[in-house]
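One structure below.
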Amino acid sequence: MNLHAQIIEESGKPKFAVLPIDEYESLVNELADFDSIEDLADYLRAIKVKSENKFWHSLNDVKAELGI
(Lines give C-alpha, C1' and ligand atoms only; values in the text may rest on other atoms or scores of the structure.)
Protein backbone atom coordinates (compact mmCIF):
# COMPACT_ATOMS: atom_id res chain seq x y z
CA MET A 1 0.00 0.00 0.00
CA ASN A 2 1.36 3.39 -0.96
CA LEU A 3 0.29 6.16 1.35
CA HIS A 4 0.05 9.70 0.09
CA ALA A 5 0.35 11.51 3.39
CA GLN A 6 0.64 15.23 3.82
CA ILE A 7 3.07 15.85 6.68
CA ILE A 8 2.37 18.84 8.92
CA GLU A 9 5.32 20.14 10.88
CA GLU A 10 5.54 22.07 14.11
CA SER A 11 8.79 23.81 15.01
CA GLY A 12 10.42 22.13 12.02
CA LYS A 13 9.55 18.60 13.17
CA PRO A 14 6.86 16.27 11.76
CA LYS A 15 3.79 16.51 14.00
CA PHE A 16 0.83 15.14 12.00
CA ALA A 17 0.19 13.07 8.89
CA VAL A 18 -2.97 13.70 6.87
CA LEU A 19 -4.18 10.92 4.56
CA PRO A 20 -6.77 10.90 1.79
CA ILE A 21 -9.95 9.37 3.25
CA ASP A 22 -9.88 6.31 0.98
CA GLU A 23 -6.34 5.47 2.09
CA TYR A 24 -7.28 6.04 5.73
CA GLU A 25 -10.32 3.75 5.46
CA SER A 26 -8.27 1.08 3.70
CA LEU A 27 -5.65 1.26 6.45
CA VAL A 28 -8.28 1.03 9.19
CA ASN A 29 -9.84 -2.02 7.47
CA GLU A 30 -6.44 -3.73 7.20
CA LEU A 31 -5.66 -3.09 10.87
CA ALA A 32 -9.11 -4.13 12.13
CA ASP A 33 -8.07 -7.80 12.17
CA PHE A 34 -5.44 -7.14 14.85
CA ASP A 35 -6.29 -6.79 18.54
CA SER A 36 -3.10 -4.88 19.35
CA ILE A 37 0.01 -3.36 17.83
CA GLU A 38 1.89 -6.39 19.16
CA ASP A 39 -0.33 -8.69 17.08
CA LEU A 40 0.44 -6.61 14.01
CA ALA A 41 4.17 -6.75 14.79
CA ASP A 42 4.00 -10.55 15.20
CA TYR A 43 2.19 -10.86 11.87
CA LEU A 44 4.76 -8.69 10.09
CA ARG A 45 7.61 -10.73 11.63
CA ALA A 46 5.95 -13.97 10.47
CA ILE A 47 5.60 -12.62 6.93
CA LYS A 48 9.30 -11.67 6.95
CA VAL A 49 10.38 -15.11 8.23
CA LYS A 50 8.16 -16.84 5.69
CA SER A 51 9.74 -14.87 2.84
CA GLU A 52 13.27 -15.67 4.08
CA ASN A 53 12.80 -19.45 4.38
CA LYS A 54 12.92 -21.74 1.37
CA PHE A 55 12.21 -25.07 3.06
CA TRP A 56 9.28 -25.90 5.29
CA HIS A 57 8.49 -29.07 7.19
CA SER A 58 5.04 -30.28 8.11
CA LEU A 59 4.14 -30.78 11.75
CA ASN A 60 3.80 -34.52 11.09
CA ASP A 61 7.33 -34.65 9.61
CA VAL A 62 8.76 -32.84 12.63
CA LYS A 63 6.93 -35.15 15.05
CA ALA A 64 8.20 -38.20 13.17
CA GLU A 65 11.75 -36.87 13.22
CA LEU A 66 11.52 -36.23 16.97
CA GLY A 67 9.78 -39.54 17.63
CA ILE A 68 6.69 -38.03 19.18
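Residue numbering restarts at 1 in every chain; chains get A, B, ... in the order shown in the C-alpha coordinates, and ligands count up from 1 in that same order.
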
- Task: Check range 1-65 of chain A with DSSP on the backbone and list each residue it calls alpha helix (DSSP H), as a ChimeraX atom specification.
- Result: /A:21-31,37-52,59-65

- Item | Test item, strand (DSSP E) assignment across chain A, answer as a ChimeraX atom specification | /A:6-10,13-18

- Task: Work out how far CA of Ser36 in chain A is from CA of Leu59 in chain A, in Å to one decimal.
- Result: 27.9 Å

- Query: For Glu23 in chain A, which residue among A:Ile68, A:Ala5, A:Leu44, A:Lys63 is the nearest when counting only C-alpha atoms?
  - Reply: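 Between A:Ile68, A:Ala5, A:Leu44, A:Lys63, the residue approaching Glu23 in chain A most closely is A:Ala5.
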
- Which residues come within 12 Å of Pro20 in chain A, counting only C-alpha atoms, excluding same-chain residues fewer than 5 positions away, as a PyMOL selection string? chain A and resi 2-6+25-27

- Could you jot down the CA of Ile37 in chain A to CA of Glu9 in chain A separation for me, Å, one decimal place?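 Atom-to-atom, CA of Ile37 in chain A and CA of Glu9 in chain A are spaced 25.1 Å apart.
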
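CA of Ile7 in chain A lies 14.9 Å from CA of Ile21 in chain A.
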